[in-house]
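Asker: Take this structure, written in structure tokens, and hold onto it; I'll ask about it next.
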Amino acid sequence: MITVQVNGEMVSVDVPPETPLLWVIREQLALTGTKFGCGVALCGACTVHLDGVPIRSCTTSISAASRGAITTIEGVRTASADPVDPVVAAVLHAWERHGVPQCGYCQPGMVMAVVALLRARGAPTDAEIDTALAGHLCRCGSYQRLRAAVHAAAAPLAEG
Amino acid sequence: MKRRTFLLAGLGAGGAVLFGWSVMPPRQRLRTSALLPADGGRVVLNGWVAVDPDDQVTLFLPKSEMGQGIHTALAMVLADELECALAQVQIVHPTIDAIYHNLVVGHDALPFAPDDSGRVQRVATWYTDKLLREIGVMVTGGSTSVRDTWAPLRDAGAMARETLRAAAATTWGAGADACVVRDGAVHCAGRTLRFGEIVQQGTPLAPARQWHWKAPHEFRLIGQSPPRLDAAAKADGRATFGIDVRRPGMLVAAVAMAPTIGGSLRSHNDAPARAITGVRDVVLLRGVNGSAPGIAVIATSWPVARNALDALSLQWEAGPHAELSSAVLLDELRTHATRSGGRVFRREGDAVDRIAAAQTSEGATRTLTADYDVPYLAHTTMEPPNCTVHVHDTGAEVWVGTQVPQQARSAVARVLGIADARVTVHVPYLGGGFGRRLEVDFIGQAAEVARAVSGTPVQVIWSREDDVRHDFYRPACAARLSAALDVTGAVTAFSATVASQEIVRPYGARANALPARFDVRKATVEGLFDQPYMFGSVRVAHRLVSSPVPVGYWRAVGHSHNGFFMECFIDELAALAQVDPIAFRARLLASHPRALAVLQLAAAASGWEQPPAAAADGARIARGVALHRSFGSIVAQVAEVSLSPSRTIRVHRVVCAVDCGLAIHPEGVAQQMESAVVFGLSAALFGEITIEAGRVVQGNFDRYPALRMADTPEVMTHLVPSNAPPEGVGEIGVPPIAPAVANALFALTGMRLRRLPLRLPPLSGAPRTGT
């Protein structure tokens, strides 16, 4: 059994230690917001936070992940409700207002990257956004609206 | 409750039979042949609309949401006509029924150019509509969703509105004319009945027999851009895709498919795999619906199943195509494109003779011949192919992101040897489609797997490598284009021969779909024979080249390559005539005011007359233009391009001008332009599937890259205001982007790149880097 902290809860799973975190999240924990896209850390769809830092869960073993606190998109979503996390709330609001998602499959990974970016940098530049999202693919081409949404989400945060 | 359920029956017993194959036009799209579910006091008003006592309006919508925003756009159409709030509308995929058959996808496949309105075209279209209404398919594809359901949805909304208005009027003893329907309620002389209250009354509703559509000036939602209905759930991970389906006791499976095209499994040893903890079964795959034969491991966890594949000691038979090479195939295509003959799709005058005469004459006429080609392309939807099948005692249940639920149903039914009616298909969100989810290979395959563990649901998930190596690729294609210009620069003759495999018949055969019977082959020449330009004489022909490489529908289909050929060649002619590319096109479009207006809008919006400013690093920026008509719409794009110091192609800005008829959700149209530009640029700059020794070389996003954030241009979309019926949107922005960029590169460097992906030759004297 391996014990791992996910979204603030300690959970024990009976899987081989080299099992990718992605599949533990999706299968054992039934948290399906984190997506499988490429399996080799090329697309970013599986992005979660490990101690607040975005990582690719498809190439992070459960044993490596057990050394820190994991947050998935479900954990971030909860944070947008009670108590309200201003960064998460701003990002989700901007995503809807700017019509970012199309098929939407890559979006939880994108949101995880952007939440981490905005927590680290109040008002990122375009270059900082490019860097933060360099590992993320969107085949629908949501990039332009995504950029606008990041700036929109950052604006009230920077003021506050 | 039963009484309300049978509202539809009151429309006339045997309605489906009466409105079957007859001399009547294929208009009856309101009444389903079977009753729709009406639990919890729900009242079904017609085959598209139901109202619940809690005021929720259900839209039974046979269109898959794969990113194109169709759920939002069509919910807007319904809500506008019904006079309710968009937020009231929930979307449910209906059961399979003839009223949801896609009519437009059928007549779009007919080999007629859009301007052809002759008797043959009209009769063929009418019969195709009739045929498809009865034996057609429910399909989301071909940019048809709005075109196909715009009219029946407005009828459905208006019919429901009038039914509810009359019911409220009866309750009050008022005249229906005195009642106003607005905001999900009927109002009369200070009294109000919400839709939910009307159905709560329990009085049988008399279905309206007459209704009218709202006038455009009465629209409240159509033409606005409310937030997409699916945006919030997709941002925060709540949206359910096929891969997110969870069923009690569900197992998962990974597959290994023959790595060589046409290959098969020679031997395996399943004992070591079966010994692995969590492995439940090993299943041989025959290869159905076009899928490659192979083997599946069923397990409690996908990584366990995938690792167990490695323990099977798989030995493959290479089969008859072990020498297959895409480079050789492309050479063959290029050769074919230079030959005469082929099937002629358009012939006006004697273009070939005129060009030949002009080539040998000493006069002032000029001729040009140019050869183009494009490679195979994969779809790489972000959600890899997957399908969940539960085979049970009385049939099967399927959960799959598909563009063709009916084909999915029959694929599963055939594998299991049961009637279609015993298979139920659920359609969650699709993590991208682009044509890949028109295929049912992975669905039939999932039925093969699930059959082995009957009684237990199984979810089959492909790896990205499975996806890239077992796709139905956009066909590689070569074309020779020739033209003659007279002394004034007018195009007196235009000839094009395109050589490729064909898509339609093999697709029909493997997906059990209608096209298997018809050798239409229009998809090979669309984009070349159907453009709005006026030439003195025209010949467009296709030469069929067969190959074992599996090919299929890829966003914009034939337009995706023919748009590149056509618009680069037009640009070459403009340069030959020494006329500005916009002015040259404007002259060819003089008799086509709709296309001309799009071109002029693109020119104005891009500031074509003023030279572009330099890039931030001082590099020169040049512009290129392309215009293309597809799926009923016309798009012109102006691309602004520069080269980095290391000669990487950089696209800074793309200005799109669009006439798509009435834009239901203008921001949605803009979103699709952004999407098409990114999708088309990924192909134009990087996209290439190659085959060596019968195997697809690429496997993941490292060797088959797609455009990323930093490389994405600013895309600006300008719509031509229109109240004409709405046309296609989802694919129309793809065809012009590659030629617009290639034409800009010509303006920038003087070099014509006639092959995709676009690769600049190394500077002479400079060290060679890469390819």
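Identifiers in the structure tokens: chain A, B, ... in order shown; residue index from 1 per chain; ligand index from 1 in order shown.
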Name the residues in contact with Ala87 of chain B at a cut-off of 10 Å, using only C-alpha atoms, excluding same-chain residues fewer than 6 positions from it; report them as a PyMOL selection string.
Answerer: chain B and resi 56-57+75-76+79+229
Asker: Give me every helix (DSSP H, G or I) residue in segment 120-354 of chain B, going by DSSP on the backbone, as a VMD selection string.
Answerer: chain B and resid 120 to 135 145 to 172 176 to 178 195 to 200 216 to 218 231 to 235 242 to 244 271 to 274 302 to 310 326 to 337 351 to 354
Asker: Excluding Pro713 of chain B and its own-chain neighbours fewer than 3 positions away, which residues fall within 7 Å of it when counting only C-alpha atoms? Please give them as a PDB file with N, CA and C atoms, in the first residue's frame.
Answerer:
```pdb
ATOM      1  N   VAL B 651       4.338  33.099 -38.203  1.00  0.00           N
ATOM      2  CA  VAL B 651       3.086  33.726 -38.638  1.00  0.00           C
ATOM      3  C   VAL B 651       2.614  34.632 -37.508  1.00  0.00           C
ATOM      4  N   HIS B 652       2.574  35.924 -37.779  1.00  0.00           N
ATOM      5  CA  HIS B 652       2.282  36.887 -36.710  1.00  0.00           C
ATOM      6  C   HIS B 652       0.797  37.155 -36.560  1.00  0.00           C
ATOM      7  N   ARG B 653       0.116  37.284 -37.687  1.00  0.00           N
ATOM      8  CA  ARG B 653      -1.291  37.693 -37.617  1.00  0.00           C
ATOM      9  C   ARG B 653      -2.018  37.090 -38.808  1.00  0.00           C
ATOM     10  N   VAL B 654      -3.244  36.681 -38.576  1.00  0.00           N
ATOM     11  CA  VAL B 654      -4.097  36.200 -39.668  1.00  0.00           C
ATOM     12  C   VAL B 654      -5.426  36.945 -39.574  1.00  0.00           C
TER      13      VAL B 654
END
```
Asker: Would you mind writing down, as JSON, numbers by chain, each residue of segment 48-84 of chain A that DSSP on the backbone assigns to strand (DSSP E)?
Answerer: {"A": [48, 49, 50, 53, 54, 55, 56, 69, 70, 71]}
Asker: Convert the current residue selection to file output with C-alpha atoms, as an mmCIF file, in the first residue's frame.
Answerer:
```cif
data_model
loop_
_atom_site.group_PDB
_atom_site.id
_atom_site.type_symbol
_atom_site.label_atom_id
_atom_site.label_comp_id
_atom_site.auth_asym_id
_atom_site.auth_seq_id
_atom_site.Cartn_x
_atom_site.Cartn_y
_atom_site.Cartn_z
ATOM 1 C CA VAL A 48 -1.600 18.388 -11.513
ATOM 2 C CA HIS A 49 0.160 20.250 -8.696
ATOM 3 C CA LEU A 50 2.778 18.617 -6.494
ATOM 4 C CA VAL A 53 4.118 23.123 -8.672
ATOM 5 C CA PRO A 54 2.619 21.914 -11.977
ATOM 6 C CA ILE A 55 3.860 18.445 -12.913
ATOM 7 C CA ARG A 56 2.964 15.836 -15.524
ATOM 8 C CA ALA A 69 0.798 17.053 -1.540
ATOM 9 C CA ILE A 70 -1.083 16.499 -4.789
ATOM 10 C CA THR A 71 -3.797 18.826 -6.009
#
```
Asker: Give me, as a PyMOL selection string, all polymer residues having an atom no more than 10 Å from Leu312 of chain B, counting only C-alpha atoms and skipping those fewer than 5 positions away in the same chain.
Answerer: chain B and resi 267-274+282+295+297+307
Asker: So that I have them on file, write out the residues from the current selection with C-alpha atoms, as a compact mmCIF listing (two decimals), in the first residue's frame.
Answerer:
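The resulting selection.txt:
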```txt
# COMPACT_ATOMS: atom_id res chain seq x y z
CA SER B 267 2.17 -15.84 -32.45
CA HIS B 268 1.96 -14.91 -28.80
CA ASN B 269 2.29 -16.50 -25.39
CA ASP B 270 -0.37 -15.32 -23.00
CA ALA B 271 0.58 -17.36 -19.92
CA PRO B 272 3.06 -14.83 -18.47
CA ALA B 273 0.61 -11.98 -19.07
CA ARG B 274 -2.25 -13.82 -17.43
CA VAL B 282 -6.26 -11.81 -23.17
CA ILE B 295 -4.53 -8.56 -29.29
CA VAL B 297 -5.30 -7.37 -22.50
CA ASN B 307 2.53 -3.46 -19.40
```
Asker: Between A:Ser61, A:Ser12, A:Thr47, A:Ser80, which has the minimum distance to Val111 of chain A (counting only C-alpha atoms)?
Answerer: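 Result for the nearest residue to Val111 of chain A: A:Thr47.
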Asker: As a list in words, please: the residues near Cys106 of chain A (cut-off 9 Å, only C-alpha atoms, same-chain neighbours under 6 positions excluded).
Answerer: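 So, after excluding close chain neighbours, the residues are Thr34, Lys35, Gly37, Cys43, Gly44, Ala45, Cys46, His136, Leu137, Cys138 and Arg139 of chain A; Lys234, Met382, Glu383 and Gly431 of chain B.
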Asker: Could you write out as a PyMOL selection string the residues of chain A within 7 Å of chain B, counting only C-alpha atoms?
Answerer: chain A and resi 27+32-33+37-38+42+73-74+77+92+95-97+99+101-108+111+130+133-134+137+139-144
Asker: Could you write out that same residue set with N, CA and C atoms as a compact mmCIF listing (two decimals), in the first residue's frame?
Answerer:
```txt
# COMPACT_ATOMS: atom_id res chain seq x y z
N GLU A 27 -8.17 6.14 -11.97
CA GLU A 27 -8.78 4.82 -11.74
C GLU A 27 -9.11 4.58 -10.28
N THR A 32 -11.71 12.15 -12.62
CA THR A 32 -11.49 12.05 -14.06
C THR A 32 -11.20 13.39 -14.73
N GLY A 33 -11.10 14.46 -13.96
CA GLY A 33 -10.80 15.77 -14.57
C GLY A 33 -9.39 15.83 -15.13
N GLY A 37 -3.37 12.19 -22.32
CA GLY A 37 -3.28 12.69 -23.69
C GLY A 37 -2.18 12.03 -24.50
N CYS A 38 -0.99 11.86 -23.89
CA CYS A 38 0.14 11.33 -24.67
C CYS A 38 0.92 10.28 -23.91
N LEU A 42 4.32 15.13 -23.14
CA LEU A 42 4.45 16.02 -24.29
C LEU A 42 3.27 16.97 -24.47
N ILE A 73 -7.44 19.00 -10.55
CA ILE A 73 -8.42 20.01 -10.95
C ILE A 73 -9.64 19.98 -10.03
N GLU A 74 -9.97 18.79 -9.51
CA GLU A 74 -11.11 18.72 -8.59
C GLU A 74 -10.80 19.46 -7.30
N ARG A 77 -11.06 23.09 -8.08
CA ARG A 77 -12.46 23.49 -8.22
C ARG A 77 -13.09 23.72 -6.85
N LEU A 92 -11.39 30.60 -13.46
CA LEU A 92 -12.57 29.90 -13.98
C LEU A 92 -13.58 30.88 -14.57
N TRP A 95 -12.23 32.01 -17.92
CA TRP A 95 -12.34 30.94 -18.92
C TRP A 95 -13.73 30.92 -19.57
N GLU A 96 -14.74 31.13 -18.72
CA GLU A 96 -16.10 31.11 -19.24
C GLU A 96 -16.38 32.38 -20.04
N ARG A 97 -16.00 33.52 -19.50
CA ARG A 97 -16.31 34.80 -20.16
C ARG A 97 -15.59 34.92 -21.50
N GLY A 99 -14.67 32.43 -23.37
CA GLY A 99 -14.97 31.31 -24.26
C GLY A 99 -13.73 30.53 -24.64
N PRO A 101 -12.65 27.22 -23.75
CA PRO A 101 -12.68 25.81 -24.16
C PRO A 101 -13.43 25.58 -25.46
N GLN A 102 -12.92 24.66 -26.25
CA GLN A 102 -13.69 24.16 -27.39
C GLN A 102 -14.06 22.70 -27.07
N CYS A 103 -13.25 21.75 -27.55
CA CYS A 103 -13.57 20.38 -27.12
C CYS A 103 -13.35 20.24 -25.63
N GLY A 104 -12.39 21.01 -25.07
CA GLY A 104 -12.24 21.10 -23.63
C GLY A 104 -11.34 20.07 -22.99
N TYR A 105 -10.88 19.11 -23.77
CA TYR A 105 -10.15 17.99 -23.19
C TYR A 105 -8.84 18.43 -22.53
N CYS A 106 -8.16 19.40 -23.13
CA CYS A 106 -6.87 19.85 -22.60
C CYS A 106 -7.04 20.88 -21.49
N GLN A 107 -8.27 21.37 -21.29
CA GLN A 107 -8.44 22.57 -20.46
C GLN A 107 -8.13 22.38 -18.97
N PRO A 108 -8.49 21.27 -18.34
CA PRO A 108 -8.10 21.14 -16.93
C PRO A 108 -6.58 21.26 -16.74
N VAL A 111 -5.73 24.93 -17.07
CA VAL A 111 -6.15 25.68 -15.88
C VAL A 111 -5.16 25.43 -14.74
N ASP A 130 3.68 32.24 -22.35
CA ASP A 130 4.20 31.28 -23.33
C ASP A 130 5.05 30.22 -22.64
N LEU A 133 3.02 27.74 -20.52
CA LEU A 133 2.15 26.83 -21.28
C LEU A 133 2.88 26.15 -22.43
N ALA A 134 4.20 26.25 -22.44
CA ALA A 134 4.97 25.68 -23.56
C ALA A 134 4.78 24.17 -23.66
N LEU A 137 -0.53 21.24 -25.13
CA LEU A 137 -1.08 21.23 -26.49
C LEU A 137 -2.58 21.37 -26.46
N ARG A 139 -5.37 20.97 -29.59
CA ARG A 139 -5.58 20.77 -31.03
C ARG A 139 -6.72 21.63 -31.56
N CYS A 140 -7.59 22.12 -30.66
CA CYS A 140 -8.69 23.00 -31.11
C CYS A 140 -8.22 24.43 -31.31
N GLY A 141 -7.05 24.78 -30.79
CA GLY A 141 -6.55 26.14 -30.99
C GLY A 141 -7.16 27.17 -30.07
N SER A 142 -7.24 26.84 -28.79
CA SER A 142 -7.82 27.79 -27.82
C SER A 142 -6.80 28.81 -27.33
N TYR A 143 -5.58 28.77 -27.88
CA TYR A 143 -4.47 29.56 -27.32
C TYR A 143 -4.76 31.06 -27.21
N GLN A 144 -5.36 31.62 -28.25
CA GLN A 144 -5.55 33.07 -28.27
C GLN A 144 -6.51 33.51 -27.16
```
Asker: Which polymer residues have any atom within 7 Å of an atom of segment 181-184 of chain B, counting only C-alpha atoms, with same-chain residues fewer than 5 positions away left out, as a compact mmCIF listing (two decimals) with N, CA and C atoms, in the first residue's frame?
Answerer:
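Once everything was written out, this is part_26.txt:
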```txt
# COMPACT_ATOMS: atom_id res chain seq x y z
N GLU B 83 -38.92 31.01 -27.26
CA GLU B 83 -39.04 32.13 -26.30
C GLU B 83 -38.80 31.68 -24.87
N CYS B 84 -37.65 31.04 -24.67
CA CYS B 84 -37.25 30.74 -23.29
C CYS B 84 -35.80 31.19 -23.10
N ALA B 85 -35.32 31.07 -21.86
CA ALA B 85 -33.94 31.46 -21.58
C ALA B 85 -33.00 30.34 -22.03
N ARG B 165 -48.69 28.24 -25.96
CA ARG B 165 -49.51 29.46 -25.98
C ARG B 165 -51.01 29.09 -26.00
N ARG B 194 -45.85 29.86 -16.30
CA ARG B 194 -44.57 29.37 -16.77
C ARG B 194 -44.78 28.07 -17.53
N PHE B 195 -43.83 27.75 -18.43
CA PHE B 195 -43.94 26.51 -19.20
C PHE B 195 -44.15 25.32 -18.27
```
